[in-house]
file work.tsv (TSV, C-alpha atoms)
chain	number	residue	atom	x	y	z
A	27	MET	CA	0.00	0.00	0.00
A	28	SER	CA	1.42	3.34	-0.91
A	29	ILE	CA	1.53	6.21	1.55
A	30	ALA	CA	-1.25	7.89	-0.36
A	31	GLU	CA	-3.38	4.74	-0.15
A	32	LYS	CA	-2.66	4.48	3.55
A	33	LEU	CA	-3.66	8.08	4.10
A	34	THR	CA	-6.84	7.53	2.11
A	35	THR	CA	-7.66	4.47	4.21
A	36	ILE	CA	-7.07	6.45	7.38
A	37	VAL	CA	-9.38	9.24	6.25
A	38	GLU	CA	-12.04	6.78	5.16
A	39	ASN	CA	-11.95	5.06	8.53
A	40	GLU	CA	-11.57	8.11	10.69
A	41	GLN	CA	-15.23	8.20	11.63
A	42	LYS	CA	-15.31	4.47	12.34
A	43	VAL	CA	-12.28	4.75	14.57
A	44	TYR	CA	-13.81	7.75	16.36
A	45	ASP	CA	-17.11	5.93	16.82
A	46	ALA	CA	-15.36	2.81	18.06
A	47	GLY	CA	-13.47	4.91	20.56
A	48	LYS	CA	-16.65	6.56	21.81
A	49	LYS	CA	-18.39	3.20	22.06
A	50	SER	CA	-15.49	1.85	23.99
A	51	GLN	CA	-15.72	4.78	26.41
A	52	TYR	CA	-19.49	4.24	26.68
A	53	ASP	CA	-19.07	0.51	27.37
A	54	GLU	CA	-16.30	1.08	29.87
A	55	PHE	CA	-18.33	3.63	31.81
A	56	TRP	CA	-21.63	1.80	31.92
A	57	ASP	CA	-20.10	-1.65	32.41
A	58	ASP	CA	-18.50	-0.23	35.52
A	59	TYR	CA	-21.36	2.02	36.68
A	60	GLN	CA	-23.99	-0.68	36.31
A	61	GLN	CA	-21.60	-3.50	37.25
A	62	ASN	CA	-22.17	-5.25	33.94
A	63	GLY	CA	-25.88	-5.22	34.54
A	64	THR	CA	-25.84	-6.71	38.04
A	65	LEU	CA	-26.24	-3.48	39.99
A	66	THR	CA	-29.25	-3.47	42.32
A	67	SER	CA	-28.43	-0.66	44.71
A	68	TYR	CA	-29.14	2.54	42.83
A	69	VAL	CA	-29.08	4.85	45.86
A	70	TYR	CA	-28.24	8.38	44.58
A	71	ALA	CA	-27.13	6.75	41.30
A	72	PHE	CA	-28.45	9.55	39.10
A	73	ALA	CA	-28.84	12.30	41.63
A	74	GLY	CA	-26.02	14.47	40.35
A	75	LYS	CA	-26.55	17.63	38.34
A	76	GLY	CA	-24.15	16.38	35.70
A	77	TRP	CA	-26.72	14.05	34.19
A	78	THR	CA	-28.27	15.25	30.96
A	79	LYS	CA	-30.47	13.90	28.21
A	80	GLU	CA	-27.30	13.32	26.22
A	81	ASN	CA	-25.37	11.30	28.79
A	82	PHE	CA	-28.14	9.46	30.61
A	83	ARG	CA	-28.07	6.45	28.31
A	84	PRO	CA	-27.88	3.32	30.45
A	85	LYS	CA	-26.53	0.22	28.79
A	86	TYR	CA	-28.26	-2.34	30.96
A	87	ASP	CA	-31.75	-2.86	32.29
A	88	ILE	CA	-32.34	-0.93	35.47
A	89	LYS	CA	-33.75	-3.24	38.15
A	90	PRO	CA	-33.17	-1.67	41.53
A	91	ILE	CA	-33.79	-3.30	44.84
A	92	ASN	CA	-32.87	-0.04	46.53
A	93	ALA	CA	-33.98	3.07	44.64
A	94	ARG	CA	-33.68	5.55	47.50
A	95	LEU	CA	-32.85	9.00	46.17
A	96	MET	CA	-32.10	7.40	42.81
A	97	PHE	CA	-32.97	10.40	40.64
A	98	ASN	CA	-33.24	12.80	43.55
A	99	TYR	CA	-33.14	16.32	42.06
A	100	GLY	CA	-30.67	14.96	39.57
A	101	GLY	CA	-30.10	16.10	36.06
A	102	ASN	CA	-30.31	19.54	34.65
A	103	ASN	CA	-33.99	19.88	33.82
A	104	CYS	CA	-33.75	16.71	31.76
A	105	LEU	CA	-37.49	16.02	31.65
A	106	ILE	CA	-36.83	12.71	29.97
A	107	ASP	CA	-39.57	10.47	28.64
A	108	MET	CA	-38.72	7.18	30.33
A	109	VAL	CA	-40.85	5.12	27.94
A	110	ALA	CA	-39.31	6.63	24.82
A	111	LEU	CA	-35.80	6.25	26.22
A	112	SER	CA	-36.46	2.66	27.18
A	113	GLU	CA	-37.61	1.87	23.64
A	114	GLU	CA	-34.73	3.72	22.05
A	115	LEU	CA	-32.06	2.01	24.14
A	116	GLY	CA	-33.74	-1.39	24.30
A	117	ILE	CA	-33.59	-1.47	28.10
A	118	VAL	CA	-36.24	-1.83	30.76
A	119	PHE	CA	-36.82	0.06	33.96
A	120	ASP	CA	-38.13	-2.65	36.26
A	121	PHE	CA	-39.06	-1.63	39.79
A	122	SER	CA	-41.00	-4.80	40.63
A	123	ASN	CA	-38.38	-5.91	43.16
A	124	THR	CA	-37.66	-2.47	44.57
A	125	THR	CA	-38.19	-2.22	48.31
A	126	TYR	CA	-37.05	1.37	48.93
A	127	PHE	CA	-38.38	4.34	46.98
A	128	TYR	CA	-37.77	7.29	49.29
A	129	GLN	CA	-37.34	10.47	47.18
A	130	CYS	CA	-36.65	8.35	44.13
A	131	PHE	CA	-38.22	10.68	41.56
A	132	CYS	CA	-37.92	14.10	43.18
A	133	GLY	CA	-37.20	16.88	40.75
A	134	ASN	CA	-37.19	17.26	36.99
A	135	PHE	CA	-35.25	14.25	35.72
A	136	PHE	CA	-38.32	12.80	34.02
A	137	ASP	CA	-41.35	14.27	32.33
A	138	ARG	CA	-42.97	10.90	31.80
A	139	LEU	CA	-42.61	7.70	33.77
A	140	GLY	CA	-43.71	4.36	32.40
A	141	VAL	CA	-45.02	1.48	34.49
A	142	ILE	CA	-43.70	1.69	38.03
A	143	ASP	CA	-44.45	-1.48	39.94
A	144	THR	CA	-44.05	-0.73	43.63
A	145	THR	CA	-45.63	-3.88	45.02
A	146	SER	CA	-42.43	-5.03	46.70
A	147	SER	CA	-42.43	-1.92	48.86
A	148	ALA	CA	-44.74	-1.15	51.76
A	149	SER	CA	-44.13	2.58	51.60
A	150	LEU	CA	-43.90	5.15	48.86
A	151	ASP	CA	-43.19	7.91	51.39
A	152	GLY	CA	-41.52	10.85	49.67
A	153	MET	CA	-41.25	9.04	46.36
A	154	PHE	CA	-42.55	11.87	44.18
A	155	ILE	CA	-41.85	14.95	46.30
A	156	GLU	CA	-41.53	17.90	43.90
A	157	PHE	CA	-41.73	15.56	40.93
A	158	GLN	CA	-41.93	17.93	37.97
A	159	GLY	CA	-43.13	15.47	35.38
A	160	THR	CA	-46.57	15.51	33.82
A	161	THR	CA	-47.26	11.83	33.40
A	162	ILE	CA	-47.01	8.53	35.21
A	163	ASP	CA	-48.34	5.88	32.82
A	164	LYS	CA	-49.09	3.42	35.58
A	165	LEU	CA	-48.26	3.26	39.27
A	166	ILE	CA	-48.86	-0.25	40.56
A	167	ILE	CA	-49.45	-0.49	44.31
A	168	ARG	CA	-50.45	-3.41	46.45
A	169	SER	CA	-53.93	-4.74	45.90
A	170	ASN	CA	-54.45	-5.34	49.63
A	171	GLY	CA	-54.48	-1.62	50.40
A	172	THR	CA	-51.36	-1.67	52.57
A	173	THR	CA	-49.16	0.64	50.49
A	174	THR	CA	-48.43	3.91	52.29
A	175	ILE	CA	-48.94	6.65	49.76
A	176	THR	CA	-50.13	9.44	52.06
A	177	SER	CA	-47.70	12.26	51.20
A	178	SER	CA	-45.91	10.70	48.27
A	179	PHE	CA	-46.89	13.49	45.88
A	180	GLN	CA	-46.11	16.54	47.96
A	181	SER	CA	-45.57	19.52	45.64
A	182	ALA	CA	-45.85	17.41	42.46
A	183	THR	CA	-47.23	20.53	40.85
A	184	ASN	CA	-47.07	19.49	37.18
A	185	LEU	CA	-48.56	16.02	37.41
A	186	LYS	CA	-51.63	15.80	35.19
A	187	ASN	CA	-51.85	12.18	34.15
A	188	ILE	CA	-51.65	9.17	36.40
A	189	THR	CA	-53.17	5.74	36.42
A	190	ILE	CA	-53.00	3.82	39.67
A	191	GLU	CA	-53.47	0.08	39.68
A	192	GLY	CA	-54.09	-1.59	43.02
A	193	VAL	CA	-55.96	-0.37	46.06
A	194	VAL	CA	-55.45	2.78	48.10
A	195	GLY	CA	-56.16	1.77	51.67
A	196	LYS	CA	-54.53	4.68	53.50
A	197	ASP	CA	-54.95	8.46	53.55
A	198	PHE	CA	-53.91	9.89	50.21
A	199	ASN	CA	-53.01	13.51	49.54
A	200	ILE	CA	-52.41	14.54	45.93
A	201	GLN	CA	-53.61	18.12	46.34
A	202	TYR	CA	-50.72	19.76	44.53
A	203	SER	CA	-51.29	17.95	41.25
A	204	PRO	CA	-53.51	19.44	38.53
A	205	LEU	CA	-54.89	16.03	37.59
A	206	SER	CA	-56.94	15.42	34.48
A	207	LYS	CA	-60.53	14.24	34.71
A	208	LYS	CA	-59.53	10.71	33.74
A	209	SER	CA	-56.83	10.66	36.40
A	210	ILE	CA	-59.16	11.92	39.11
A	211	GLU	CA	-61.72	9.28	38.15
A	212	ASN	CA	-59.01	6.64	38.35
A	213	VAL	CA	-57.78	7.82	41.75
A	214	VAL	CA	-61.27	7.73	43.18
A	215	SER	CA	-61.95	4.33	41.64
A	216	VAL	CA	-58.98	2.69	43.40
A	217	LEU	CA	-59.94	3.90	46.87
A	218	SER	CA	-60.57	0.93	49.11
A	219	ASP	CA	-64.19	-0.03	49.76
A	220	ALA	CA	-63.15	-1.86	52.89
A	221	THR	CA	-61.98	1.01	55.07
A	222	SER	CA	-63.44	3.92	57.00
A	223	SER	CA	-62.24	7.26	58.38
A	224	LEU	CA	-59.75	7.75	55.56
A	225	THR	CA	-59.27	10.90	53.51
A	226	LEU	CA	-58.45	11.66	49.92
A	227	THR	CA	-57.25	15.23	49.31
A	228	LEU	CA	-57.36	16.65	45.80
A	229	SER	CA	-56.79	19.96	44.09
A	230	LYS	CA	-60.05	21.92	44.20
A	231	ARG	CA	-59.15	23.68	40.98
A	232	ALA	CA	-58.44	20.41	39.17
A	233	VAL	CA	-61.79	18.97	40.24
A	234	GLU	CA	-63.71	22.12	39.31
A	235	ASN	CA	-61.99	22.27	35.93
A	236	ALA	CA	-62.84	18.65	35.20
A	237	PHE	CA	-66.33	18.05	36.56
A	238	SER	CA	-69.68	19.68	36.84
A	239	ASP	CA	-71.04	19.72	40.41
A	240	GLU	CA	-73.42	16.91	39.55
A	241	GLU	CA	-70.73	14.75	37.92
A	242	TRP	CA	-68.42	15.28	40.86
A	243	GLU	CA	-71.01	14.48	43.50
A	244	THR	CA	-71.95	11.35	41.59
A	245	LEU	CA	-68.32	10.29	41.66
A	246	VAL	CA	-67.95	11.11	45.36
A	247	ALA	CA	-71.03	9.04	46.10
A	248	THR	CA	-69.28	5.94	44.79
A	249	LYS	CA	-66.99	6.03	47.85
A	250	PRO	CA	-69.23	6.93	50.81
A	251	ASN	CA	-66.71	5.46	53.23
A	252	TRP	CA	-64.10	8.07	52.25
A	253	THR	CA	-63.86	11.72	53.23
A	254	ILE	CA	-62.80	13.67	50.17
A	255	SER	CA	-61.27	17.07	50.70
A	256	LEU	CA	-60.72	19.70	48.03
A	257	ILE	CA	-58.18	22.42	48.62
B	26	MET	CA	-82.48	-4.20	41.12
B	27	LEU	CA	-81.41	-2.44	44.29
B	28	GLU	CA	-81.98	1.25	44.77
B	29	GLU	CA	-80.20	3.17	47.49
B	30	GLN	CA	-80.25	6.79	48.46
B	31	VAL	CA	-76.83	8.23	49.14
B	32	ILE	CA	-76.62	11.37	51.19
B	33	ILE	CA	-73.46	13.37	50.89
B	34	ASN	CA	-72.56	15.76	53.68
B	35	LYS	CA	-70.66	18.62	52.14
B	36	LEU	CA	-68.86	21.26	54.18
B	37	ILE	CA	-67.90	24.51	52.52
B	38	ALA	CA	-65.49	26.95	54.14
B	39	GLU	CA	-66.33	30.62	54.29
B	40	ARG	CA	-64.34	32.87	51.96
B	41	GLY	CA	-60.76	33.21	53.16
B	42	LYS	CA	-61.10	30.24	55.48
B	43	ILE	CA	-59.97	26.61	55.46
B	44	LEU	CA	-61.81	23.75	57.12
B	45	THR	CA	-59.86	21.38	59.32
B	46	ASP	CA	-60.20	18.75	61.99
B	47	GLY	CA	-56.55	19.21	62.90
B	48	GLU	CA	-55.37	16.63	60.36
B	49	ILE	CA	-57.37	17.17	57.19
B	50	PHE	CA	-57.55	20.53	55.45
B	51	GLY	CA	-59.94	21.64	52.72
B	52	LYS	CA	-62.04	24.41	51.28
B	53	THR	CA	-64.74	21.90	50.48
B	54	ILE	CA	-65.00	18.60	52.28
B	55	PHE	CA	-67.27	15.71	51.39
B	56	LEU	CA	-67.65	13.77	54.60
B	57	GLY	CA	-67.35	10.00	54.66
B	58	ASN	CA	-70.14	8.19	56.43
B	59	SER	CA	-68.06	7.70	59.57
B	60	ARG	CA	-67.40	11.43	60.04
B	61	ASN	CA	-69.59	14.30	61.14
B	62	SER	CA	-69.40	18.04	60.73
B	63	ASP	CA	-68.87	18.64	64.48
B	64	GLU	CA	-65.31	17.45	64.04
B	65	PHE	CA	-64.43	20.33	61.75
B	66	TYR	CA	-63.75	24.02	62.34
B	67	GLU	CA	-62.46	26.91	60.26
B	68	ILE	CA	-59.05	28.52	60.32
B	69	SER	CA	-57.77	31.44	58.27
B	70	GLU	CA	-55.80	30.81	55.10
B	71	GLU	CA	-52.78	32.45	56.79
B	72	GLU	CA	-52.96	29.97	59.64
B	73	TYR	CA	-53.23	27.14	57.13
B	74	GLU	CA	-50.18	28.35	55.22
B	75	ALA	CA	-48.21	28.65	58.44
B	76	ILE	CA	-49.13	25.08	59.35
B	77	MET	CA	-48.07	23.86	55.90
B	78	ARG	CA	-44.74	25.69	56.15
B	79	GLU	CA	-44.10	24.09	59.51
B	80	LYS	CA	-44.92	20.67	58.12
B	81	GLU	CA	-42.56	21.19	55.19
B	82	THR	CA	-39.77	22.23	57.54
B	83	LYS	CA	-40.28	19.06	59.56
B	84	THR	CA	-40.23	16.99	56.36
B	85	GLU	CA	-36.92	18.55	55.31
B	86	GLN	CA	-35.42	17.74	58.69
call {"tool": "encode", "arguments": {"input": "work.tsv", "output": "structure tokens"}}
result
Amino acid sequence: MSIAEKLTTIVENEQKVYDAGKKSQYDEFWDDYQQNGTLTSYVYAFAGKGWTKENFRPKYDIKPINARLMFNYGGNNCLIDMVALSEELGIVFDFSNTTYFYQCFCGNFFDRLGVIDTTSSASLDGMFIEFQGTTIDKLIIRSNGTTTITSSFQSATNLKNITIEGVVGKDFNIQYSPLSKKSIENVVSVLSDATSSLTLTLSKRAVENAFSDEEWETLVATKPNWTISLI
Amino acid sequence: MLEEQVIINKLIAERGKILTDGEIFGKTIFLGNSRNSDEFYEISEEEYEAIMREKETKTEQ
């Protein structure tokens, strides 16, 4: 091969070499950070401000057992769509074995969460404090009504869309969230029929925006064992 | 076919006030069938906001 041919080959392969180098860096980082896919303790894992939409690209499925503070005020206003990212990267976010969720999703890391199965955890205390996302596709809680969800959504002031699957059997305050009509109907529908002296607190503005008085009182009447407060 | 009459007890706070029983807060409260209106009283919105600030401070600690 002449020098000219060699130079031509180098130029032709420059991008490939660059890409291979970047991939190697990517693999090296995520193989280490996610322990080749075996990591289960994700405490504070993505809580730093250095995370961005560009660099939050996990290589392996995320299956935490401990998700305390996992995305706690992390990222720089990333507002990532978890479902879209999952599809793009071919990874899953699987919380079905997670036992600790304290302050997991606080802040603006995500705009949309997919299916979050919390049935392995008894308490969702603090899980969505100041969550700035608009959508939680599905939050799965225990069907026996034992999940503590009382103040899980404190100051989740952008949350409009949520579907809860399971049974709410404890006081539930989601007053800061401007929920859609469909979401409010869902929240009311999953309130336990087997309890008494419990309270659901909702945004008064959200309810008034979504329902006529008659529609709302009809919905309230479906859960006579619950006190429902609007504020 | 079963027909039942459901009575909803609805409490509405006066303008500038918030209803509470010490634990629950609301401008409008639809009472569950195990609660009665005697358990509730009104506080000012300022008092309510002060209570919420105190609760937030405790949460942060």
call {"tool": "atom_distance", "arguments": {"input": "work.tsv", "atom1": "CA of Leu36 in chain B", "atom2": "CA of Asn184 in chain A"}}
result
27.7 Å
call {"tool": "interface_residues", "arguments": {"input": "work.tsv", "of": "chain B", "to": "chain A", "cutoff": "9 Å", "atoms": "all atoms listed in the file", "output": "number ranges by chain"}}
result
B: 31-33, 43, 49-60
call {"tool": "residues_near_point", "arguments": {"input": "work.tsv", "point": "(-27.2, 16.2, 41.1)", "cutoff": "10 Å", "atoms": "only C-alpha atoms", "output": "PyMOL selection string"}}
result
chain A and resi 70-77+97-102+135
call {"tool": "atom_distance", "arguments": {"input": "work.tsv", "atom1": "CA of Glu80 in chain A", "atom2": "CA of Gly47 in chain A"}}
result
17.1 Å
call {"tool": "atom_distance", "arguments": {"input": "work.tsv", "atom1": "CA of Tyr86 in chain A", "atom2": "CA of Ile188 in chain A"}}
result
26.6 Å
call {"tool": "build_atoms", "arguments": {"input": "work.tsv", "residues": "range 104-135 of chain A", "atoms": "N, CA and C atoms", "output": "mmCIF file, in the coordinates of the input"}}
result
data_model
loop_
_atom_site.group_PDB
_atom_site.id
_atom_site.type_symbol
_atom_site.label_atom_id
_atom_site.label_comp_id
_atom_site.auth_asym_id
_atom_site.auth_seq_id
_atom_site.Cartn_x
_atom_site.Cartn_y
_atom_site.Cartn_z
ATOM 1 N N CYS A 104 -33.764 17.683 32.852
ATOM 2 C CA CYS A 104 -33.750 16.710 31.760
ATOM 3 C C CYS A 104 -35.146 16.471 31.170
ATOM 4 N N LEU A 105 -36.106 16.307 32.058
ATOM 5 C CA LEU A 105 -37.490 16.020 31.650
ATOM 6 C C LEU A 105 -37.542 14.933 30.566
ATOM 7 N N ILE A 106 -36.919 13.831 30.897
ATOM 8 C CA ILE A 106 -36.830 12.710 29.970
ATOM 9 C C ILE A 106 -38.130 11.914 29.947
ATOM 10 N N ASP A 107 -38.450 11.400 28.780
ATOM 11 C CA ASP A 107 -39.570 10.470 28.640
ATOM 12 C C ASP A 107 -39.003 9.065 28.853
ATOM 13 N N MET A 108 -39.293 8.491 29.975
ATOM 14 C CA MET A 108 -38.720 7.180 30.330
ATOM 15 C C MET A 108 -39.125 6.105 29.321
ATOM 16 N N VAL A 109 -40.355 6.148 28.861
ATOM 17 C CA VAL A 109 -40.850 5.120 27.940
ATOM 18 C C VAL A 109 -40.122 5.229 26.601
ATOM 19 N N ALA A 110 -39.989 6.431 26.099
ATOM 20 C CA ALA A 110 -39.310 6.630 24.820
ATOM 21 C C ALA A 110 -37.840 6.230 24.917
ATOM 22 N N LEU A 111 -37.214 6.592 26.038
ATOM 23 C CA LEU A 111 -35.800 6.250 26.220
ATOM 24 C C LEU A 111 -35.619 4.745 26.299
ATOM 25 N N SER A 112 -36.510 4.112 27.033
ATOM 26 C CA SER A 112 -36.460 2.660 27.180
ATOM 27 C C SER A 112 -36.541 1.975 25.814
ATOM 28 N N GLU A 113 -37.446 2.447 24.974
ATOM 29 C CA GLU A 113 -37.610 1.870 23.640
ATOM 30 C C GLU A 113 -36.389 2.146 22.768
ATOM 31 N N GLU A 114 -35.873 3.349 22.880
ATOM 32 C CA GLU A 114 -34.730 3.720 22.050
ATOM 33 C C GLU A 114 -33.502 2.883 22.402
ATOM 34 N N LEU A 115 -33.267 2.703 23.698
ATOM 35 C CA LEU A 115 -32.060 2.010 24.140
ATOM 36 C C LEU A 115 -32.249 0.503 24.232
ATOM 37 N N GLY A 116 -33.499 0.052 24.170
ATOM 38 C CA GLY A 116 -33.740 -1.390 24.300
ATOM 39 C C GLY A 116 -33.488 -1.899 25.712
ATOM 40 N N ILE A 117 -33.750 -1.052 26.705
ATOM 41 C CA ILE A 117 -33.590 -1.470 28.100
ATOM 42 C C ILE A 117 -34.930 -1.322 28.823
ATOM 43 N N VAL A 118 -35.026 -1.975 29.966
ATOM 44 C CA VAL A 118 -36.240 -1.830 30.760
ATOM 45 C C VAL A 118 -35.902 -1.180 32.098
ATOM 46 N N PHE A 119 -36.879 -0.443 32.597
ATOM 47 C CA PHE A 119 -36.820 0.060 33.960
ATOM 48 C C PHE A 119 -37.816 -0.806 34.737
ATOM 49 N N ASP A 120 -37.297 -1.660 35.574
ATOM 50 C CA ASP A 120 -38.130 -2.650 36.260
ATOM 51 C C ASP A 120 -38.012 -2.452 37.759
ATOM 52 N N PHE A 121 -39.076 -1.918 38.354
ATOM 53 C CA PHE A 121 -39.060 -1.630 39.790
ATOM 54 C C PHE A 121 -39.812 -2.698 40.589
ATOM 55 N N SER A 122 -40.144 -3.810 39.961
ATOM 56 C CA SER A 122 -41.000 -4.800 40.630
ATOM 57 C C SER A 122 -40.358 -5.437 41.850
ATOM 58 N N ASN A 123 -39.051 -5.360 41.968
ATOM 59 C CA ASN A 123 -38.380 -5.910 43.160
ATOM 60 C C ASN A 123 -37.836 -4.825 44.076
ATOM 61 N N THR A 124 -38.189 -3.588 43.783
ATOM 62 C CA THR A 124 -37.660 -2.470 44.570
ATOM 63 C C THR A 124 -38.369 -2.383 45.897
ATOM 64 N N THR A 125 -37.588 -2.281 46.974
ATOM 65 C CA THR A 125 -38.190 -2.220 48.310
ATOM 66 C C THR A 125 -38.071 -0.838 48.942
ATOM 67 N N TYR A 126 -37.225 0.022 48.365
ATOM 68 C CA TYR A 126 -37.050 1.370 48.930
ATOM 69 C C TYR A 126 -37.185 2.394 47.810
ATOM 70 N N PHE A 127 -38.131 3.338 48.009
ATOM 71 C CA PHE A 127 -38.380 4.340 46.980
ATOM 72 C C PHE A 127 -38.235 5.777 47.477
ATOM 73 N N TYR A 128 -37.745 5.960 48.697
ATOM 74 C CA TYR A 128 -37.770 7.290 49.290
ATOM 75 C C TYR A 128 -37.097 8.321 48.388
ATOM 76 N N GLN A 129 -37.820 9.382 48.039
ATOM 77 C CA GLN A 129 -37.340 10.470 47.180
ATOM 78 C C GLN A 129 -36.722 9.991 45.874
ATOM 79 N N CYS A 130 -37.200 8.918 45.366
ATOM 80 C CA CYS A 130 -36.650 8.350 44.130
ATOM 81 C C CYS A 130 -36.772 9.313 42.954
ATOM 82 N N PHE A 131 -37.953 9.890 42.759
ATOM 83 C CA PHE A 131 -38.220 10.680 41.560
ATOM 84 C C PHE A 131 -38.388 12.175 41.830
ATOM 85 N N CYS A 132 -37.810 12.669 42.879
ATOM 86 C CA CYS A 132 -37.920 14.100 43.180
ATOM 87 C C CYS A 132 -37.220 14.913 42.107
ATOM 88 N N GLY A 133 -37.860 15.974 41.669
ATOM 89 C CA GLY A 133 -37.200 16.880 40.750
ATOM 90 C C GLY A 133 -37.648 16.707 39.312
ATOM 91 N N ASN A 134 -36.794 17.142 38.404
ATOM 92 C CA ASN A 134 -37.190 17.260 36.990
ATOM 93 C C ASN A 134 -36.393 16.351 36.073
ATOM 94 N N PHE A 135 -35.980 15.195 36.569
ATOM 95 C CA PHE A 135 -35.250 14.250 35.720
ATOM 96 C C PHE A 135 -36.146 13.722 34.603
#
